[in-house]
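Engineer: Input file: target_31.cif. Contents: mmCIF, C-alpha atoms; chains and numbers go by the auth columns.
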```
data_work
loop_
_atom_site.group_PDB
_atom_site.id
_atom_site.type_symbol
_atom_site.label_atom_id
_atom_site.label_comp_id
_atom_site.label_asym_id
_atom_site.label_seq_id
_atom_site.Cartn_x
_atom_site.Cartn_y
_atom_site.Cartn_z
_atom_site.B_iso_or_equiv
_atom_site.auth_seq_id
_atom_site.auth_asym_id
ATOM 1 C CA MET A 1 114.865 138.134 25.670 0.00 1 I
ATOM 2 C CA SER A 2 118.129 137.678 27.540 0.00 2 I
ATOM 3 C CA GLY A 3 118.761 137.516 31.258 0.00 3 I
ATOM 4 C CA LEU A 4 120.807 140.133 33.056 0.00 4 I
ATOM 5 C CA GLU A 5 123.727 139.546 35.401 0.00 5 I
ATOM 6 C CA PHE A 6 123.974 142.000 38.286 0.00 6 I
ATOM 7 C CA TRP A 7 127.567 142.336 39.493 0.00 7 I
ATOM 8 C CA TYR A 8 127.935 144.072 42.841 0.00 8 I
ATOM 9 C CA GLU A 9 130.413 144.624 45.663 0.00 9 I
ATOM 10 C CA PHE A 10 129.190 145.136 49.226 0.00 10 I
ATOM 11 C CA GLY A 11 131.619 147.988 49.824 0.00 11 I
ATOM 12 C CA SER A 12 130.421 149.813 46.696 0.00 12 I
ATOM 13 C CA THR A 13 128.285 152.862 47.369 0.00 13 I
ATOM 14 C CA TYR A 14 126.361 152.891 44.087 0.00 14 I
ATOM 15 C CA SER A 15 125.687 149.160 44.355 0.00 15 I
ATOM 16 C CA TYR A 16 123.396 150.049 47.275 0.00 16 I
ATOM 17 C CA PRO A 17 120.640 151.849 45.324 0.00 17 I
ATOM 18 C CA ALA A 18 121.053 149.411 42.434 0.00 18 I
ATOM 19 C CA ALA A 19 120.464 146.440 44.730 0.00 19 I
ATOM 20 C CA MET A 20 117.440 148.079 46.301 0.00 20 I
ATOM 21 C CA ARG A 21 115.669 148.777 43.011 0.00 21 I
ATOM 22 C CA ILE A 22 116.778 146.148 40.500 0.00 22 I
ATOM 23 C CA GLU A 23 114.293 143.442 41.440 0.00 23 I
ATOM 24 C CA THR A 24 111.214 145.644 40.990 0.00 24 I
ATOM 25 C CA LEU A 25 112.458 147.123 37.724 0.00 25 I
ATOM 26 C CA ALA A 26 113.485 143.740 36.339 0.00 26 I
ATOM 27 C CA LYS A 27 110.101 142.238 37.196 0.00 27 I
ATOM 28 C CA GLU A 28 108.341 145.102 35.434 0.00 28 I
ATOM 29 C CA ALA A 29 110.583 144.565 32.405 0.00 29 I
ATOM 30 C CA GLY A 30 110.141 140.794 32.458 0.00 30 I
ATOM 31 C CA VAL A 31 113.909 140.290 32.721 0.00 31 I
ATOM 32 C CA GLU A 32 115.464 137.528 34.811 0.00 32 I
ATOM 33 C CA VAL A 33 118.323 138.664 37.058 0.00 33 I
ATOM 34 C CA ARG A 34 121.262 136.658 38.328 0.00 34 I
ATOM 35 C CA TRP A 35 122.869 138.244 41.403 0.00 35 I
ATOM 36 C CA ARG A 36 126.671 138.012 41.180 0.00 36 I
ATOM 37 C CA PRO A 37 128.695 139.268 44.156 0.00 37 I
ATOM 38 C CA PHE A 38 132.383 139.841 43.505 0.00 38 I
ATOM 39 C CA LEU A 39 135.357 141.677 45.003 0.00 39 I
ATOM 40 C CA LEU A 40 136.665 144.946 43.628 0.00 40 I
ATOM 41 C CA GLY A 41 139.909 144.907 45.624 0.00 41 I
ATOM 42 C CA PRO A 42 141.771 142.486 43.319 0.00 42 I
ATOM 43 C CA ILE A 43 140.544 144.400 40.257 0.00 43 I
ATOM 44 C CA PHE A 44 141.648 147.732 41.710 0.00 44 I
ATOM 45 C CA GLN A 45 145.062 146.237 42.464 0.00 45 I
ATOM 46 C CA THR A 46 145.582 145.436 38.789 0.00 46 I
ATOM 47 C CA GLN A 47 145.022 149.155 38.125 0.00 47 I
ATOM 48 C CA GLY A 48 147.667 150.093 40.684 0.00 48 I
ATOM 49 C CA TRP A 49 145.195 151.161 43.381 0.00 49 I
ATOM 50 C CA ASN A 50 145.374 149.931 46.972 0.00 50 I
ATOM 51 C CA ASP A 51 142.145 151.689 47.975 0.00 51 I
ATOM 52 C CA SER A 52 138.846 152.903 46.549 0.00 52 I
ATOM 53 C CA PRO A 53 139.267 155.644 43.942 0.00 53 I
ATOM 54 C CA PHE A 54 136.822 157.663 46.050 0.00 54 I
ATOM 55 C CA ASN A 55 139.477 157.705 48.776 0.00 55 I
ATOM 56 C CA ILE A 56 142.451 158.115 46.469 0.00 56 I
ATOM 57 C CA PHE A 57 140.924 161.104 44.665 0.00 57 I
ATOM 58 C CA ALA A 58 139.462 163.396 47.340 0.00 58 I
ATOM 59 C CA ALA A 59 137.388 165.571 44.999 0.00 59 I
ATOM 60 C CA LYS A 60 135.855 162.489 43.424 0.00 60 I
ATOM 61 C CA GLY A 61 135.017 161.153 46.878 0.00 61 I
ATOM 62 C CA ARG A 62 133.342 164.386 47.974 0.00 62 I
ATOM 63 C CA TYR A 63 131.289 164.416 44.798 0.00 63 I
ATOM 64 C CA MET A 64 130.293 160.758 45.180 0.00 64 I
ATOM 65 C CA TRP A 65 128.917 161.170 48.710 0.00 65 I
ATOM 66 C CA ARG A 66 126.886 164.231 47.736 0.00 66 I
ATOM 67 C CA ASP A 67 125.631 162.526 44.585 0.00 67 I
ATOM 68 C CA LEU A 68 124.702 159.411 46.534 0.00 68 I
ATOM 69 C CA GLU A 69 122.707 161.585 48.925 0.00 69 I
ATOM 70 C CA ARG A 70 120.720 162.915 45.952 0.00 70 I
ATOM 71 C CA VAL A 71 120.227 159.443 44.479 0.00 71 I
ATOM 72 C CA CYS A 72 119.058 157.936 47.768 0.00 72 I
ATOM 73 C CA GLU A 73 116.754 160.872 48.479 0.00 73 I
ATOM 74 C CA ALA A 74 115.136 160.431 45.072 0.00 74 I
ATOM 75 C CA GLU A 75 114.693 156.690 45.689 0.00 75 I
ATOM 76 C CA GLY A 76 113.457 157.111 49.271 0.00 76 I
ATOM 77 C CA LEU A 77 116.462 155.256 50.684 0.00 77 I
ATOM 78 C CA ALA A 78 118.092 156.068 54.004 0.00 78 I
ATOM 79 C CA LEU A 79 121.781 156.945 53.855 0.00 79 I
ATOM 80 C CA LYS A 80 124.280 157.297 56.688 0.00 80 I
ATOM 81 C CA LEU A 81 128.037 157.075 56.460 0.00 81 I
ATOM 82 C CA PRO A 82 129.387 153.632 57.425 0.00 82 I
ATOM 83 C CA PRO A 83 130.736 153.520 61.009 0.00 83 I
ATOM 84 C CA VAL A 84 134.115 152.095 60.053 0.00 84 I
ATOM 85 C CA LYS A 85 136.665 152.857 57.355 0.00 85 I
ATOM 86 C CA PHE A 86 135.151 153.139 53.886 0.00 86 I
ATOM 87 C CA PRO A 87 134.864 150.886 52.033 0.00 87 I
ATOM 88 C CA GLN A 88 133.808 148.211 54.462 0.00 88 I
ATOM 89 C CA ASN A 89 135.159 144.687 54.070 0.00 89 I
ATOM 90 C CA GLY A 90 132.505 142.756 52.173 0.00 90 I
ATOM 91 C CA LEU A 91 134.391 139.461 51.813 0.00 91 I
ATOM 92 C CA LYS A 92 132.333 137.453 54.318 0.00 92 I
ATOM 93 C CA ALA A 93 129.063 138.918 53.056 0.00 93 I
ATOM 94 C CA ALA A 94 130.030 138.084 49.466 0.00 94 I
ATOM 95 C CA ARG A 95 130.813 134.485 50.400 0.00 95 I
ATOM 96 C CA LEU A 96 127.448 134.205 52.143 0.00 96 I
ATOM 97 C CA ALA A 97 125.588 135.771 49.224 0.00 97 I
ATOM 98 C CA LEU A 98 127.205 133.337 46.830 0.00 98 I
ATOM 99 C CA ALA A 99 126.374 130.400 49.094 0.00 99 I
ATOM 100 C CA GLY A 100 122.757 131.569 49.254 0.00 100 I
ATOM 101 C CA GLU A 101 122.291 131.295 45.507 0.00 101 I
ATOM 102 C CA LYS A 102 121.377 127.615 45.738 0.00 102 I
ATOM 103 C CA GLU A 103 118.767 128.291 48.434 0.00 103 I
ATOM 104 C CA GLY A 104 117.334 131.390 46.753 0.00 104 I
ATOM 105 C CA TRP A 105 117.960 133.905 49.535 0.00 105 I
ATOM 106 C CA THR A 106 120.762 135.868 47.880 0.00 106 I
ATOM 107 C CA PRO A 107 118.628 138.884 46.810 0.00 107 I
ATOM 108 C CA ALA A 108 116.996 139.381 50.225 0.00 108 I
ATOM 109 C CA PHE A 109 120.299 138.896 52.045 0.00 109 I
ATOM 110 C CA THR A 110 122.086 141.285 49.704 0.00 110 I
ATOM 111 C CA ARG A 111 119.534 144.041 50.241 0.00 111 I
ATOM 112 C CA ALA A 112 119.680 143.558 54.008 0.00 112 I
ATOM 113 C CA VAL A 113 123.488 143.800 54.049 0.00 113 I
ATOM 114 C CA PHE A 114 123.458 146.976 51.964 0.00 114 I
ATOM 115 C CA ALA A 115 120.827 148.478 54.262 0.00 115 I
ATOM 116 C CA ALA A 116 122.933 147.561 57.302 0.00 116 I
ATOM 117 C CA ASN A 117 125.999 149.172 55.721 0.00 117 I
ATOM 118 C CA TYR A 118 124.577 152.358 54.238 0.00 118 I
ATOM 119 C CA ALA A 119 121.483 152.973 56.354 0.00 119 I
ATOM 120 C CA GLY A 120 122.070 151.180 59.652 0.00 120 I
ATOM 121 C CA GLN A 121 125.711 152.147 60.206 0.00 121 I
ATOM 122 C CA GLU A 122 126.580 148.556 61.077 0.00 122 I
ATOM 123 C CA ASP A 123 129.907 146.825 60.535 0.00 123 I
ATOM 124 C CA ILE A 124 129.189 144.278 57.796 0.00 124 I
ATOM 125 C CA GLY A 125 132.640 142.741 58.225 0.00 125 I
ATOM 126 C CA GLU A 126 131.618 141.359 61.620 0.00 126 I
ATOM 127 C CA ASP A 127 130.178 137.861 61.947 0.00 127 I
ATOM 128 C CA ALA A 128 127.684 139.070 64.541 0.00 128 I
ATOM 129 C CA THR A 129 126.190 141.607 62.132 0.00 129 I
ATOM 130 C CA LEU A 130 125.840 139.027 59.380 0.00 130 I
ATOM 131 C CA ARG A 131 124.360 136.442 61.755 0.00 131 I
ATOM 132 C CA THR A 132 121.752 138.970 62.899 0.00 132 I
ATOM 133 C CA ILE A 133 120.840 139.695 59.276 0.00 133 I
ATOM 134 C CA LEU A 134 120.534 136.008 58.448 0.00 134 I
ATOM 135 C CA ALA A 135 118.389 135.323 61.523 0.00 135 I
ATOM 136 C CA ALA A 136 116.078 138.238 60.692 0.00 136 I
ATOM 137 C CA LEU A 137 115.529 136.665 57.260 0.00 137 I
ATOM 138 C CA GLY A 138 114.744 133.275 58.790 0.00 138 I
ATOM 139 C CA ILE A 139 117.980 131.743 57.495 0.00 139 I
ATOM 140 C CA ASP A 140 119.943 129.251 59.580 0.00 140 I
ATOM 141 C CA ALA A 141 123.084 131.282 60.285 0.00 141 I
ATOM 142 C CA GLU A 142 125.209 128.297 61.287 0.00 142 I
ATOM 143 C CA ALA A 143 124.377 126.415 58.109 0.00 143 I
ATOM 144 C CA ALA A 144 124.888 129.543 56.009 0.00 144 I
ATOM 145 C CA PHE A 145 128.329 130.251 57.467 0.00 145 I
ATOM 146 C CA GLU A 146 129.303 126.603 57.096 0.00 146 I
ATOM 147 C CA ALA A 147 128.357 126.686 53.400 0.00 147 I
ATOM 148 C CA ALA A 148 130.043 130.051 52.863 0.00 148 I
ATOM 149 C CA ASN A 149 133.331 128.920 54.382 0.00 149 I
ATOM 150 C CA THR A 150 133.803 125.714 52.435 0.00 150 I
ATOM 151 C CA PRO A 151 136.887 125.675 50.208 0.00 151 I
ATOM 152 C CA GLU A 152 134.574 125.190 47.230 0.00 152 I
ATOM 153 C CA ASN A 153 132.569 128.331 47.942 0.00 153 I
ATOM 154 C CA LYS A 154 135.658 130.407 48.675 0.00 154 I
ATOM 155 C CA ASP A 155 137.128 129.254 45.376 0.00 155 I
ATOM 156 C CA ALA A 156 133.858 130.018 43.598 0.00 156 I
ATOM 157 C CA LEU A 157 133.991 133.641 44.783 0.00 157 I
ATOM 158 C CA ARG A 158 137.603 133.910 43.641 0.00 158 I
ATOM 159 C CA ARG A 159 136.660 132.530 40.224 0.00 159 I
ATOM 160 C CA GLN A 160 133.671 134.852 40.021 0.00 160 I
ATOM 161 C CA THR A 161 135.940 137.833 40.692 0.00 161 I
ATOM 162 C CA GLU A 162 138.386 136.583 38.060 0.00 162 I
ATOM 163 C CA GLU A 163 135.506 136.191 35.609 0.00 163 I
ATOM 164 C CA ALA A 164 134.404 139.758 36.288 0.00 164 I
ATOM 165 C CA ALA A 165 137.911 141.004 35.505 0.00 165 I
ATOM 166 C CA SER A 166 138.190 138.872 32.366 0.00 166 I
ATOM 167 C CA ARG A 167 134.888 140.290 31.107 0.00 167 I
ATOM 168 C CA GLY A 168 136.156 143.845 31.456 0.00 168 I
ATOM 169 C CA LEU A 169 134.427 144.876 34.681 0.00 169 I
ATOM 170 C CA PHE A 170 136.253 147.701 36.431 0.00 170 I
ATOM 171 C CA GLY A 171 133.683 148.905 38.949 0.00 171 I
ATOM 172 C CA ALA A 172 130.366 148.200 40.599 0.00 172 I
ATOM 173 C CA PRO A 173 127.541 147.963 40.072 0.00 173 I
ATOM 174 C CA SER A 174 127.880 146.486 36.618 0.00 174 I
ATOM 175 C CA PHE A 175 125.289 144.743 34.493 0.00 175 I
ATOM 176 C CA THR A 176 126.053 142.289 31.727 0.00 176 I
ATOM 177 C CA ILE A 177 123.839 140.852 29.019 0.00 177 I
ATOM 178 C CA GLY A 178 126.022 138.397 27.163 0.00 178 I
ATOM 179 C CA ASP A 179 129.122 140.388 26.199 0.00 179 I
ATOM 180 C CA GLU A 180 127.399 143.753 26.624 0.00 180 I
ATOM 181 C CA LEU A 181 128.524 145.721 29.697 0.00 181 I
ATOM 182 C CA PHE A 182 126.715 148.547 31.474 0.00 182 I
ATOM 183 C CA TRP A 183 128.365 150.247 34.444 0.00 183 I
ATOM 184 C CA GLY A 184 126.740 152.254 37.202 0.00 184 I
ATOM 185 C CA ASN A 185 123.429 152.502 39.021 0.00 185 I
ATOM 186 C CA ASP A 186 122.305 155.096 36.479 0.00 186 I
ATOM 187 C CA ARG A 187 122.706 152.567 33.634 0.00 187 I
ATOM 188 C CA LEU A 188 120.368 149.974 35.150 0.00 188 I
ATOM 189 C CA GLU A 189 117.376 151.021 33.080 0.00 189 I
ATOM 190 C CA ALA A 190 119.430 150.987 29.881 0.00 190 I
ATOM 191 C CA ALA A 191 120.731 147.514 30.727 0.00 191 I
ATOM 192 C CA LEU A 192 117.196 146.221 31.267 0.00 192 I
ATOM 193 C CA GLU A 193 116.059 147.717 27.965 0.00 193 I
ATOM 194 C CA TRP A 194 118.980 145.997 26.221 0.00 194 I
ATOM 195 C CA ALA A 195 118.069 142.692 27.836 0.00 195 I
ATOM 196 C CA LYS A 196 114.460 143.060 26.706 0.00 196 I
ATOM 197 C CA ARG A 197 115.373 143.411 23.039 0.00 197 I
ATOM 198 C CA THR A 198 118.068 140.745 22.791 0.00 198 I
#
```
In structure tokens, what does this structure look like?

Structural biologist:
Amino acid sequence: MSGLEFWYEFGSTYSYPAAMRIETLAKEAGVEVRWRPFLLGPIFQTQGWNDSPFNIFAAKGRYMWRDLERVCEAEGLALKLPPVKFPQNGLKAARLALAGEKEGWTPAFTRAVFAANYAGQEDIGEDATLRTILAALGIDAEAAFEAANTPENKDALRRQTEEAASRGLFGAPSFTIGDELFWGNDRLEAALEWAKRT
């Protein structure tokens, strides 16, 4: 049985339900998950986009928000439009999530940030929001920010984003098992099944 890598971007709408349900489903499947935050902006730029495709293509954006409402309703997740321009800037949150990998708090932090963004209508680009989230989880915010802002951690996030691009990722959430790629919240179950049999 192989492990599964969960690639997500904090500004990504469909990464929200994926993040909220992956841990339970993976535990039931007996699959180990590695949480891998990355940035979609640089990947979109290589495709000639300077914004989310949900903003560039209005009909696609309208569909996405209605579909996300259905998905979240089915999963029992709250959903409210973010209070600032969509997508929110997830750079600081991604650096923190990556820094938290060594301490083991990345999954809990990730879920809390997504809930703040898509349920709490909070600005996840603000230090104060992220510090409140960290404190609520019992994490030393000063130490977390210090670790997140080291040149080594910043470079690690850049390399992780470059790795995502080199492995063919074009959106989030994505799930990889070795060289096998699954894209989208609705492919999570299929990705877990693949991981179970390989």

Engineer: Between I:Asn153, I:Leu130, I:Gly3, I:Arg95, which is the closest to Ala116 in chain I once you count all atoms listed in the file?

Structural biologist: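 With all atoms listed in the file as the atom set, the closest residue is I:Leu130.
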
Engineer: Rank nothing, just name the residue among I:Leu40, I:Leu79, I:Ala94, I:Ala191 nearest to Trp65 in chain I, using all atoms listed in the file.

Structural biologist: I:Leu79

Engineer: Go ahead and compute the interatomic distance for CA of Trp7 in chain I and CA of Arg111 in chain I, in Å to one decimal.

Structural biologist: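 Separating CA of Trp7 in chain I from CA of Arg111 in chain I is a distance of 13.5 Å.
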
Engineer: When you look at Leu98 in chain I with a cut-off of 9 Å (counting all atoms listed in the file), what residues show up, excluding the ones that are within fewer than 3 positions of it in the same chain? I need them as a ChimeraX atom specification.

Structural biologist: /I:35-38,93-95,101-102,106,148,153,156-157

Engineer: Just so the selection is clear, what residues does the PyMOL selection byres ((chain I and resi 176) around 10) cover here, as a PyMOL selection string?

Structural biologist: chain I and resi 3-7+34+164+167+169+174-175+177-183+191-192+194-195

Engineer: Go ahead and compute the interatomic distance for CA of Ala112 in chain I and CA of Glu193 in chain I, in Å to one decimal.

Structural biologist: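 Here the two named atoms are 26.6 Å from each other.
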
Engineer: List as a ChimeraX atom specification: which residues have an atom within 7 Å of (132.6, 148.3, 46.9), counting all atoms listed in the file?

Structural biologist: /I:9-13,40,87,172

Engineer: Just the selected residues (C-alpha atoms), exported as a short mmCIF file (atom, residue, chain, number, x, y, z; two decimals), in the coordinates of the input, please.

Structural biologist:
```cif
data_model
loop_
_atom_site.label_atom_id
_atom_site.label_comp_id
_atom_site.auth_asym_id
_atom_site.auth_seq_id
_atom_site.Cartn_x
_atom_site.Cartn_y
_atom_site.Cartn_z
CA GLU I 9 130.41 144.62 45.66
CA PHE I 10 129.19 145.14 49.23
CA GLY I 11 131.62 147.99 49.82
CA SER I 12 130.42 149.81 46.70
CA THR I 13 128.28 152.86 47.37
CA LEU I 40 136.66 144.95 43.63
CA PRO I 87 134.86 150.89 52.03
CA ALA I 172 130.37 148.20 40.60
#
```

Engineer: Rounded to one decimal, what separation in Å do you get between CA of Phe170 in chain I and CA of Ile43 in chain I?

Structural biologist: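 So the answer is 6.6 Å.
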
Engineer: If the PyMOL selection byres ((chain I and resi 145) around 9) were run on this exact file, what residues would it hold? Put them as a list in words.

Structural biologist: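 Evaluating the PyMOL selection byres ((chain I and resi 145) around 9) on this file yields Lys92, Arg95, Leu96, Ala99, Arg131, Asp140, Ala141, Glu142, Ala143, Ala144, Glu146, Ala147, Ala148, Asn149 and Thr150 of chain I.
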
Engineer: Kindly indicate which residue among I:Arg187, I:Lys196, I:Arg21, I:Lys154 lies nearest to Ala74 in chain I, using all atoms listed in the file for the distances.

Structural biologist: I:Arg21

Engineer: Between I:Gln47, I:Ala58, I:Arg158, I:Phe109, which has the minimum distance to Ala135 in chain I (counting all atoms listed in the file)?

Structural biologist: I:Phe109

Engineer: Between I:Gly61, I:Gly171, I:Gly120, I:Pro107, which is the closest to Leu81 in chain I once you count all atoms listed in the file?

Structural biologist: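 Using all atoms listed in the file, Leu81 in chain I sits closest to I:Gly120.
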
Engineer: Give the answer as one residue: which of I:Ala19, I:Gly100, I:Leu39, I:Glu162 has the shortest atom-to-atom distance to Leu77 in chain I, using all atoms listed in the file?

Structural biologist: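 Among the listed residues, I:Ala19 lies closest to Leu77 in chain I.
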
Engineer: Name the residues that the PyMOL selection byres ((chain I and resi 185) around 7) picks from the file above, as a ChimeraX atom specification, using the file's chain letters and numbers.

Structural biologist: /I:14-15,17-18,173,184,186-188

Engineer: My structure is short of atoms at range 133-152 of chain I; please model N, CA and C atoms there, returning them as a tab-separated table (two decimals), in the frame of the given file.

Structural biologist:
```tsv
chain	number	residue	atom	x	y	z
I	133	ILE	N	121.55	139.52	60.55
I	133	ILE	CA	120.84	139.70	59.28
I	133	ILE	C	120.23	138.37	58.82
I	134	LEU	N	121.03	137.32	58.87
I	134	LEU	CA	120.53	136.01	58.45
I	134	LEU	C	119.35	135.57	59.30
I	135	ALA	N	119.47	135.73	60.62
I	135	ALA	CA	118.39	135.32	61.52
I	135	ALA	C	117.11	136.10	61.25
I	136	ALA	N	117.25	137.41	60.97
I	136	ALA	CA	116.08	138.24	60.69
I	136	ALA	C	115.36	137.79	59.42
I	137	LEU	N	116.11	137.17	58.51
I	137	LEU	CA	115.53	136.66	57.26
I	137	LEU	C	115.04	135.23	57.39
I	138	GLY	N	115.18	134.65	58.58
I	138	GLY	CA	114.74	133.28	58.79
I	138	GLY	C	115.69	132.24	58.22
I	139	ILE	N	116.96	132.63	58.06
I	139	ILE	CA	117.98	131.74	57.50
I	139	ILE	C	118.82	131.18	58.64
I	140	ASP	N	119.11	129.90	58.58
I	140	ASP	CA	119.94	129.25	59.58
I	140	ASP	C	121.37	129.79	59.44
I	141	ALA	N	121.79	130.62	60.39
I	141	ALA	CA	123.08	131.28	60.28
I	141	ALA	C	124.23	130.29	60.33
I	142	GLU	N	124.12	129.28	61.18
I	142	GLU	CA	125.21	128.30	61.29
I	142	GLU	C	125.40	127.57	59.97
I	143	ALA	N	124.30	127.13	59.38
I	143	ALA	CA	124.38	126.42	58.11
I	143	ALA	C	124.88	127.33	57.00
I	144	ALA	N	124.46	128.59	57.03
I	144	ALA	CA	124.89	129.54	56.01
I	144	ALA	C	126.39	129.80	56.09
I	145	PHE	N	126.89	130.02	57.30
I	145	PHE	CA	128.33	130.25	57.47
I	145	PHE	C	129.14	129.01	57.10
I	146	GLU	N	128.60	127.84	57.44
I	146	GLU	CA	129.30	126.60	57.10
I	146	GLU	C	129.43	126.47	55.58
I	147	ALA	N	128.33	126.77	54.87
I	147	ALA	CA	128.36	126.69	53.40
I	147	ALA	C	129.27	127.75	52.80
I	148	ALA	N	129.25	128.95	53.40
I	148	ALA	CA	130.04	130.05	52.86
I	148	ALA	C	131.53	129.81	53.01
I	149	ASN	N	131.91	129.09	54.07
I	149	ASN	CA	133.33	128.92	54.38
I	149	ASN	C	133.94	127.64	53.85
I	150	THR	N	133.20	126.90	53.04
I	150	THR	CA	133.80	125.71	52.44
I	150	THR	C	134.86	126.15	51.42
I	151	PRO	N	135.89	125.34	51.23
I	151	PRO	CA	136.89	125.68	50.21
I	151	PRO	C	136.27	125.87	48.83
I	152	GLU	N	135.22	125.09	48.54
I	152	GLU	CA	134.57	125.19	47.23
I	152	GLU	C	133.91	126.54	47.03
```
